[in-house]
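> The structure follows.
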Amino acid sequence: MKFLVAGVGAMGTRFALKLKQAGNDVTVVDGWDLRLKSLKKDGLRANLDGQEVIEHVPAYGQTELPNNLRFDVVLFLTKSMQLEQMVKDLLPNFDGHTMALCLMNGIGHEQTLEKYLPKEQVFLGNTMWTAQMTRPDHVLLEDDGSCELSNVAPGEPQASQAKQLVEVLDKAGLKCHLLADPRYSVFRKGCVNGTLNTLCTLFECNLEEFSKTSHAHEMVVEVVKEFAAVGAKEGIDLDVDEAVHHVEDCYRVIGAHYPSMYQDLVKNNRRTEVDYINGYVASHGKKYGLKTPYCNLLTQEVHTKEDLQHAK
Ligand code: NAD
């Protein structure tokens, strides 16, 4: 399959590498000059499960992709706040058959994609893989993971295309599953990010350390309840107990890992995706007349930390 991976930071590198190693035709596009320079010179370089690997793929700047290039799939793995500009810049490379697949963290990305593309071409999901940029020219890929996706608009040919996407990603070793309802899954993943990413960033600890603190369970439950309340207003019937279990299972599966939001703000002094996670619940809760005190406070606290650090 012919893939364009749009955004080749940590996670884009994992997907581009694995897809290329499995024999797919992979091109990458990125908006960070320093990263692009190394992609063009040295290719995708990573430590993948303890082994140094390199794959050479065509690499373009976000605004320099030739308009005549076409792809079966454009896989979006930017940060949430970079998505809209990336979609706009890549629009000339879409035709009526190109699938737009978003596996990013954050709620509401399908609405951004649907502003520019027919809903039938939009595919949504998320990933439980982890990835970390060690330098602009190198990524660390360890831990086990998986991903899941589905078509957003019901019907054909998009339902068959979603199955085909799952098969291709799974064959590339990305452990991919087909979803019944992609928005349910995005909210469920939002519960992981809205608790572990946000709280580990504020408290500057890893998942294992956070799991041992005395109020961890209580905070996870309250945040998940707020995600469920907002989800219910949007037609998503989130199972609170199952979602809490899903969050807390990360202590076992991912353990002493520092979440990507921690890496952004604490390690790299970059602004975070909190507005698309707890911030989504806070702003939409307000719209629906719901009280979401935990998500309100967590969003404000992360922004306060960003401001105090003059994060970029
Ligand atoms: P990333 O920040 O590594 O990369 C995203 C974009 O930012 C890329 O274009 C990259 O080149 C650029 N970038 C990276 N570091 C930069 C810097 N210091 N200055 C300027 N630009 C920089 O993001 P990611 O971790 O690959 O995440 C992509 C999506 O996947 C996000 O929605 C994220 O929440 C999600 N996700 C990430 C992980 C993870 O473990 N990294 C896990 C699950 C989901």
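By convention in this document, the chains of the structure tokens carry letters A, B, ... by their order, each chain's residues are numbered from 1, and ligands are numbered from 1 in the order they are shown.
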Within 7 Å of ligand 1, counting only C-alpha atoms and all ligand atoms, which protein or nucleic acid residues do you find, written as an MDAnalysis selection string?
chainID A and resid 7:12 30:32 35 77:80 103:106 126:133 136 259:260 264 268 270 273
> Near Thr13 in chain A, counting only C-alpha atoms, which residues have an atom at most 12 Å away, once you skip same-chain residues fewer than 6 positions from it, shown as a ChimeraX atom specification?
/A:4-7,19-21,26-30,35,39,43-48,53-57,59,75-78,129-133,136-141
> Calculate how many Å separate CA of Tyr258 in chain A from CA of Phe187 in chain A, rounding to one decimal.
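Between these atoms lies a distance of 21.1 Å.
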> For CA of Asp144 in chain A and CA of Met81 in chain A, determine how far apart the two atoms are, in Å to one decimal place.
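Spanning CA of Asp144 in chain A to CA of Met81 in chain A is a straight-line distance of 26.8 Å.
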> Find the residues near Glu148 in chain A: any atom within 8 Å, counting only C-alpha atoms, skip ones fewer than 5 places away on the same chain, and give them as a list in words.
Gly125, Asn126, Thr127, Val166, Cys176, His177, Leu178 and Leu179 of chain A
> Taking the DSSP secondary structure from the backbone, can you list the residues of range 28-270 of chain A that are strand (DSSP E or B), as a ChimeraX atom specification?
/A:28-30,44-48,51-55,59-61,73-76,99-102,122-127,132-135,138-141,147-151,176-178
> Out of A:Thr201, A:Asn24, A:Ser38, A:Asn269, which residue has the shortest atom-to-atom distance to Val302 in chain A when counting only C-alpha atoms?
A:Thr201
> Pick out each residue of range 60-231 of chain A that DSSP on the backbone tags as helix (DSSP H, G or I); I need them as a PyMOL selection string.
chain A and resi 80-93+109-116+119-121+158-171+182-203+207-211+216-231
